[in-house]
$ cat target16.csv   # CSV, C-alpha atoms
chain,number,residue,atom,x,y,z
H,1,MET,CA,18.5,210.3,61.7
H,2,ARG,CA,18.4,211.2,65.4
H,3,SER,CA,18.4,208.1,67.6
H,4,GLU,CA,16.2,209.8,70.4
H,5,VAL,CA,13.1,211.9,70.3
H,6,CYS,CA,11.6,213.8,73.3
H,7,PHE,CA,8.6,211.9,74.6
H,8,SER,CA,7.4,212.1,78.1
H,9,HIS,CA,8.6,212.8,81.6
H,10,TYR,CA,10.8,215.5,83.1
H,11,ALA,CA,12.7,216.2,86.3
H,12,PRO,CA,14.6,219.4,87.2
H,13,CYS,CA,18.3,219.4,87.2
H,14,GLY,CA,21.0,222.1,87.7
H,15,ALA,CA,21.3,222.8,84.0
H,16,GLY,CA,17.6,222.6,83.0
H,17,PHE,CA,15.4,219.5,82.7
H,18,PHE,CA,15.8,215.8,82.2
H,19,PHE,CA,13.4,214.3,79.7
H,20,LEU,CA,12.5,210.7,79.1
H,21,CYS,CA,13.2,210.0,75.4
H,22,TYR,CA,12.8,206.9,73.2
H,23,ALA,CA,16.1,205.5,72.2
H,24,HIS,CA,15.5,203.6,69.0
H,25,SER,CA,18.9,201.8,69.2
H,26,LEU,CA,18.0,200.5,72.7
H,27,HIS,CA,14.2,200.0,72.1
H,28,ARG,CA,13.7,201.7,75.5
H,29,PHE,CA,12.6,205.0,76.9
H,30,VAL,CA,15.6,206.7,78.5
H,31,LEU,CA,16.6,209.9,80.3
H,32,SER,CA,18.0,212.7,78.2
H,33,CYS,CA,19.1,216.2,79.4
H,34,GLN,CA,17.8,219.3,77.7
H,35,CYS,CA,20.2,222.0,79.1
H,36,GLN,CA,17.9,225.0,78.8
H,37,ASN,CA,15.1,226.2,81.0
H,38,LEU,CA,12.1,224.9,79.1
H,39,PRO,CA,8.6,224.7,80.6
H,40,LEU,CA,6.7,221.5,81.0
H,41,THR,CA,3.9,221.6,78.4
H,42,ALA,CA,0.3,220.3,78.9
H,43,HIS,CA,1.1,217.7,76.3
H,44,LEU,CA,3.9,216.3,78.4
H,45,ARG,CA,1.6,216.3,81.5
H,46,GLU,CA,-1.0,214.3,79.6
H,47,LEU,CA,1.6,211.7,78.4
H,48,SER,CA,2.9,211.4,81.9
H,49,SER,CA,-0.6,210.7,83.3
H,50,GLU,CA,-1.2,208.1,80.6
H,51,HIS,CA,2.0,206.2,81.5
H,52,ARG,CA,1.2,206.3,85.2
H,53,SER,CA,-2.3,205.0,84.7
H,54,THR,CA,-1.3,201.6,83.4
H,55,GLY,CA,1.9,200.4,85.2
H,56,ARG,CA,4.3,197.8,83.9
H,57,ILE,CA,7.4,197.5,86.0
H,58,GLU,CA,10.5,195.7,84.7
H,59,LEU,CA,14.1,195.5,85.7
H,60,GLY,CA,16.9,195.6,83.1
H,61,ASP,CA,20.7,195.2,83.1
H,62,VAL,CA,23.1,198.1,83.4
H,63,THR,CA,25.3,198.1,80.3
H,64,PRO,CA,27.9,200.4,78.7
H,65,HIS,CA,25.0,201.5,76.4
H,66,ASN,CA,22.8,202.8,79.3
H,67,ILE,CA,25.3,203.6,82.1
H,68,LYS,CA,24.9,207.3,81.3
H,69,GLN,CA,21.2,207.0,82.0
H,70,LEU,CA,22.0,205.7,85.4
H,71,LYS,CA,24.4,208.6,86.0
H,72,LEU,CA,21.7,211.1,85.1
H,73,LEU,CA,19.1,209.3,87.2
H,74,ASN,CA,21.4,209.3,90.3
H,75,GLN,CA,22.1,213.1,89.8
H,76,VAL,CA,18.4,213.7,90.0
H,77,VAL,CA,17.5,211.4,92.8
H,78,PHE,CA,20.4,211.6,95.3
H,79,PRO,CA,22.0,214.6,97.1
H,80,VAL,CA,25.4,213.0,96.7
H,81,SER,CA,27.5,212.4,93.6
H,82,TYR,CA,29.3,209.2,92.6
H,83,ASN,CA,32.7,209.0,91.0
H,84,ASP,CA,33.8,207.1,87.9
H,85,LYS,CA,35.0,204.1,89.9
H,86,PHE,CA,31.5,203.7,91.3
H,87,TYR,CA,30.1,203.3,87.7
H,88,LYS,CA,33.0,201.1,86.6
H,89,ASP,CA,32.2,198.7,89.5
H,90,VAL,CA,28.5,198.9,88.6
H,91,LEU,CA,29.2,197.6,85.1
H,92,GLU,CA,30.8,194.5,86.6
H,93,ALA,CA,28.1,194.0,89.3
H,94,GLY,CA,25.9,191.7,87.2
H,95,GLU,CA,22.6,191.0,89.0
H,96,LEU,CA,23.5,193.5,91.7
H,97,ALA,CA,22.9,196.5,89.5
H,98,LYS,CA,19.6,197.1,87.7
H,99,LEU,CA,17.7,199.8,86.0
H,100,ALA,CA,13.9,200.0,86.7
H,101,TYR,CA,11.5,200.7,83.8
H,102,TYR,CA,8.0,201.9,84.2
H,103,ASN,CA,6.1,201.4,80.9
H,104,ASP,CA,9.5,201.2,79.2
H,105,MET,CA,10.8,204.4,80.8
H,106,VAL,CA,13.9,204.5,83.0
H,107,VAL,CA,12.6,205.8,86.3
H,108,GLY,CA,14.8,204.1,88.9
H,109,GLY,CA,17.9,202.1,89.7
H,110,VAL,CA,19.5,199.9,92.3
H,111,CYS,CA,23.2,199.2,92.8
H,112,CYS,CA,24.8,196.9,95.3
H,113,ARG,CA,28.1,195.3,96.2
H,114,VAL,CA,29.4,192.4,98.3
H,115,ASP,CA,31.3,193.3,101.5
H,116,VAL,CA,33.3,190.9,103.7
H,117,LEU,CA,34.0,192.0,107.2
H,118,ASP,CA,35.3,189.7,110.0
H,119,GLY,CA,34.5,186.6,108.0
H,120,GLN,CA,30.9,187.7,107.4
H,121,ARG,CA,29.6,188.2,103.9
H,122,ARG,CA,27.2,191.2,103.7
H,123,LEU,CA,25.4,192.8,100.8
H,124,TYR,CA,25.6,196.6,100.8
H,125,ILE,CA,22.9,198.6,99.0
H,126,MET,CA,24.9,201.5,97.6
H,127,THR,CA,21.9,203.2,95.9
H,128,LEU,CA,18.2,202.4,95.5
H,129,GLY,CA,16.1,205.3,94.2
H,130,CYS,CA,13.3,206.3,91.9
H,131,LEU,CA,12.2,209.6,90.3
H,132,ALA,CA,9.8,211.4,92.6
H,133,PRO,CA,6.7,211.3,90.3
H,134,TYR,CA,7.0,207.6,90.0
H,135,ARG,CA,7.3,206.8,93.7
H,136,ARG,CA,4.6,204.8,95.6
H,137,LEU,CA,3.9,202.7,92.5
H,138,GLY,CA,5.7,199.6,93.6
H,139,ILE,CA,9.0,200.4,91.8
H,140,GLY,CA,11.1,200.6,94.9
H,141,THR,CA,9.5,197.4,96.2
H,142,LYS,CA,10.3,195.7,92.9
H,143,MET,CA,14.0,196.7,93.2
H,144,LEU,CA,14.4,195.7,96.8
H,145,GLU,CA,12.6,192.4,96.2
H,146,HIS,CA,15.1,191.7,93.5
H,147,VAL,CA,17.9,192.2,96.0
H,148,LEU,CA,16.2,190.1,98.7
H,149,ASN,CA,15.6,187.3,96.1
H,150,PHE,CA,19.3,187.5,95.1
H,151,VAL,CA,20.6,187.0,98.6
H,152,GLU,CA,18.1,184.2,99.2
H,153,ARG,CA,19.3,182.3,96.1
H,154,GLU,CA,22.9,182.8,97.0
H,155,GLY,CA,22.3,181.6,100.5
H,156,ASN,CA,25.6,182.7,102.0
H,157,PHE,CA,25.0,186.3,103.2
H,158,ASN,CA,24.9,187.2,106.8
H,159,SER,CA,23.0,190.5,106.3
H,160,ILE,CA,22.0,193.4,104.0
H,161,PHE,CA,22.8,197.0,105.0
H,162,LEU,CA,22.7,200.5,103.7
H,163,HIS,CA,23.1,204.1,104.8
H,164,VAL,CA,20.1,206.5,105.0
H,165,GLN,CA,20.2,210.2,105.8
H,166,VAL,CA,18.7,210.7,109.2
H,167,ASN,CA,15.9,213.0,108.0
H,168,ASN,CA,14.8,210.7,105.2
H,169,ASP,CA,11.7,209.4,107.0
H,170,GLY,CA,10.2,208.0,103.8
H,171,ALA,CA,13.2,205.7,103.2
H,172,LEU,CA,13.4,204.7,106.9
H,173,ASP,CA,9.7,203.6,106.9
H,174,PHE,CA,10.1,201.8,103.5
H,175,TYR,CA,13.1,199.7,104.7
H,176,LYS,CA,11.6,198.9,108.1
H,177,LYS,CA,8.6,197.3,106.3
H,178,PHE,CA,11.0,194.8,104.9
H,179,GLY,CA,12.6,194.0,108.3
H,180,PHE,CA,15.5,196.4,108.3
H,181,GLU,CA,16.5,198.0,111.6
H,182,VAL,CA,18.6,201.0,112.6
H,183,VAL,CA,21.7,199.5,114.1
H,184,GLU,CA,24.0,202.6,114.2
H,185,THR,CA,24.1,206.3,113.5
H,186,LYS,CA,27.2,207.6,111.9
H,187,GLN,CA,28.0,211.3,112.6
H,188,HIS,CA,29.2,213.4,109.7
H,189,TYR,CA,28.9,210.6,107.2
H,190,TYR,CA,28.0,212.9,104.3
H,191,LYS,CA,30.1,215.7,103.0
H,192,ARG,CA,28.7,219.0,101.8
H,193,ILE,CA,25.0,218.1,102.6
H,194,GLU,CA,22.9,218.7,105.6
H,195,PRO,CA,22.1,216.9,107.8
H,196,ALA,CA,25.4,215.1,107.5
H,197,ASP,CA,24.5,212.2,109.7
H,198,ALA,CA,23.4,208.8,108.5
H,199,HIS,CA,21.5,205.8,110.0
H,200,VAL,CA,22.9,202.4,109.2
H,201,LEU,CA,20.0,200.1,108.4
H,202,GLN,CA,20.5,196.4,108.5
H,203,LYS,CA,18.5,193.3,107.8
H,204,THR,CA,20.0,190.2,109.5
H,205,LEU,CA,19.8,187.0,107.5
H,206,VAL,CA,21.9,184.6,109.6
H,207,LYS,CA,21.6,184.8,113.3
H,208,SER,CA,24.9,184.7,115.1
$ encode --input "target16.csv" --output "structure tokens"
Amino acid sequence: MRSEVCFSHYAPCGAGFFFLCYAHSLHRFVLSCQCQNLPLTAHLRELSSEHRSTGRIELGDVTPHNIKQLKLLNQVVFPVSYNDKFYKDVLEAGELAKLAYYNDMVVGGVCCRVDVLDGQRRLYIMTLGCLAPYRRLGIGTKMLEHVLNFVEREGNFNSIFLHVQVNNDGALDFYKKFGFEVVETKQHYYKRIEPADAHVLQKTLVKS
């Protein structure tokens, strides 16, 4: 018996479409790739609308069983690709890596790591993103609040920082609402995408 059946949402990818499917083994809706150019039917539109109308947002652990879903999600959401070491580190990140579920469907993810520079312990947000149709529903806020709560519980971080492409006004506005500030702009930070420059956003937790 097949472990997954096509159920609801789609997003375009280079090979076709990503569909959200129900994985019986995981008891979750997950991303699956249908590598052919299939149209989005009215039935899928209706299902997507139903799921958006009553929102339940939850965060779940990243495990070896769902790491591929995070990979597919990142391929859809971000203009850059991440290597195998990135995902190996994510599996060991514990509370610093989470998948976001909207009505049991994987729609977002956040991955962080701890950096130590000049004796200062900082949290770096490597990725935080959500599928476009599910933005402005509080999912990004849920993920970022998880990160903020983590550093508050730990109590020994000097700051949180991340890189944002200079033309990503939506992300800049989002992080500024949570007290992040542009502290630096790195020229040619990204490879093979334009614009290549990135702002460094930082939220200071311990005043020097």
$ closest_atom_pairs --input "target16.csv" --of "range 151-200 of chain H" --to "range 79-99 of chain H" --cutoff "12 Å" --atoms "all atoms listed in the file" --output "JSON lines"
{"residue": "H:Val151", "atom": "CA", "partner": "H:Leu96", "partner_atom": "CA", "distance": 9.9}
{"residue": "H:Arg153", "atom": "CA", "partner": "H:Glu95", "partner_atom": "CA", "distance": 11.7}
{"residue": "H:Glu154", "atom": "CA", "partner": "H:Glu95", "partner_atom": "CA", "distance": 11.5}
{"residue": "H:Val164", "atom": "CA", "partner": "H:Pro79", "partner_atom": "CA", "distance": 11.5}
{"residue": "H:Gln165", "atom": "CA", "partner": "H:Pro79", "partner_atom": "CA", "distance": 9.9}
{"residue": "H:Asn168", "atom": "CA", "partner": "H:Pro79", "partner_atom": "CA", "distance": 11.5}
{"residue": "H:Tyr189", "atom": "CA", "partner": "H:Val80", "partner_atom": "CA", "distance": 11.3}
{"residue": "H:Tyr190", "atom": "CA", "partner": "H:Val80", "partner_atom": "CA", "distance": 8.0}
{"residue": "H:Lys191", "atom": "CA", "partner": "H:Val80", "partner_atom": "CA", "distance": 8.3}
{"residue": "H:Arg192", "atom": "CA", "partner": "H:Val80", "partner_atom": "CA", "distance": 8.5}
{"residue": "H:Ile193", "atom": "CA", "partner": "H:Pro79", "partner_atom": "CA", "distance": 7.2}
{"residue": "H:Glu194", "atom": "CA", "partner": "H:Pro79", "partner_atom": "CA", "distance": 9.5}
{"residue": "H:Pro195", "atom": "CA", "partner": "H:Pro79", "partner_atom": "CA", "distance": 10.9}
{"residue": "H:Ala196", "atom": "CA", "partner": "H:Pro79", "partner_atom": "CA", "distance": 11.0}
$ residues_around --input "target16.csv" --residues "Leu117 in chain H" --least-positions-apart "3" --cutoff "12 Å" --atoms "only C-alpha atoms" --output "ChimeraX atom specification"
/H:114,120-124,157-159
$ closest_residue --input "target16.csv" --among "H:Gly55, H:Gly170, H:Gly155, H:Pro133" --to "Asp104 in chain H" --atoms "only C-alpha atoms"
H:Gly55
$ atom_distance --input "target16.csv" --atom1 "CA of Lys68 in chain H" --atom2 "CA of Ile125 in chain H"
19.8 Å
$ atom_distance --input "target16.csv" --atom1 "CA of Tyr134 in chain H" --atom2 "CA of Gln69 in chain H"
16.3 Å
$ closest_atom_pairs --input "target16.csv" --of "range 103-207 of chain H" --to "range 70-76 of chain H" --cutoff "10 Å" --atoms "all atoms listed in the file" --output "Markdown table"
| residue | atom | partner | partner_atom | distance |
| --- | --- | --- | --- | --- |
| H:Val106 | CA | H:Leu73 | CA | 8.2 |
| H:Val107 | CA | H:Leu73 | CA | 7.4 |
| H:Gly108 | CA | H:Leu73 | CA | 7.0 |
| H:Gly109 | CA | H:Leu70 | CA | 6.9 |
| H:Val110 | CA | H:Leu70 | CA | 9.4 |
| H:Cys111 | CA | H:Leu70 | CA | 9.9 |
| H:Thr127 | CA | H:Asn74 | CA | 8.3 |
| H:Leu128 | CA | H:Asn74 | CA | 9.2 |
| H:Gly129 | CA | H:Asn74 | CA | 7.7 |
| H:Cys130 | CA | H:Leu73 | CA | 8.0 |
| H:Leu131 | CA | H:Val76 | CA | 7.4 |
| H:Ala132 | CA | H:Val76 | CA | 9.3 |
$ atom_distance --input "target16.csv" --atom1 "CA of Ile160 in chain H" --atom2 "CA of His188 in chain H"
22.0 Å
$ closest_residue --input "target16.csv" --among "H:Asn167, H:Leu162, H:Arg136, H:Thr63" --to "Cys112 in chain H" --atoms "only C-alpha atoms"
H:Leu162
$ residues_near_point --input "target16.csv" --point "(21.9, 199.0, 114.7)" --cutoff "9 Å" --atoms "only C-alpha atoms" --output "list in words"
Glu181, Val182, Val183, Glu184, Thr185, His199, Val200, Leu201 and Gln202 of chain H
$ closest_residue --input "target16.csv" --among "H:Arg135, H:Lys203, H:His163, H:Lys142" --to "Val77 in chain H" --atoms "all atoms listed in the file"
H:Arg135
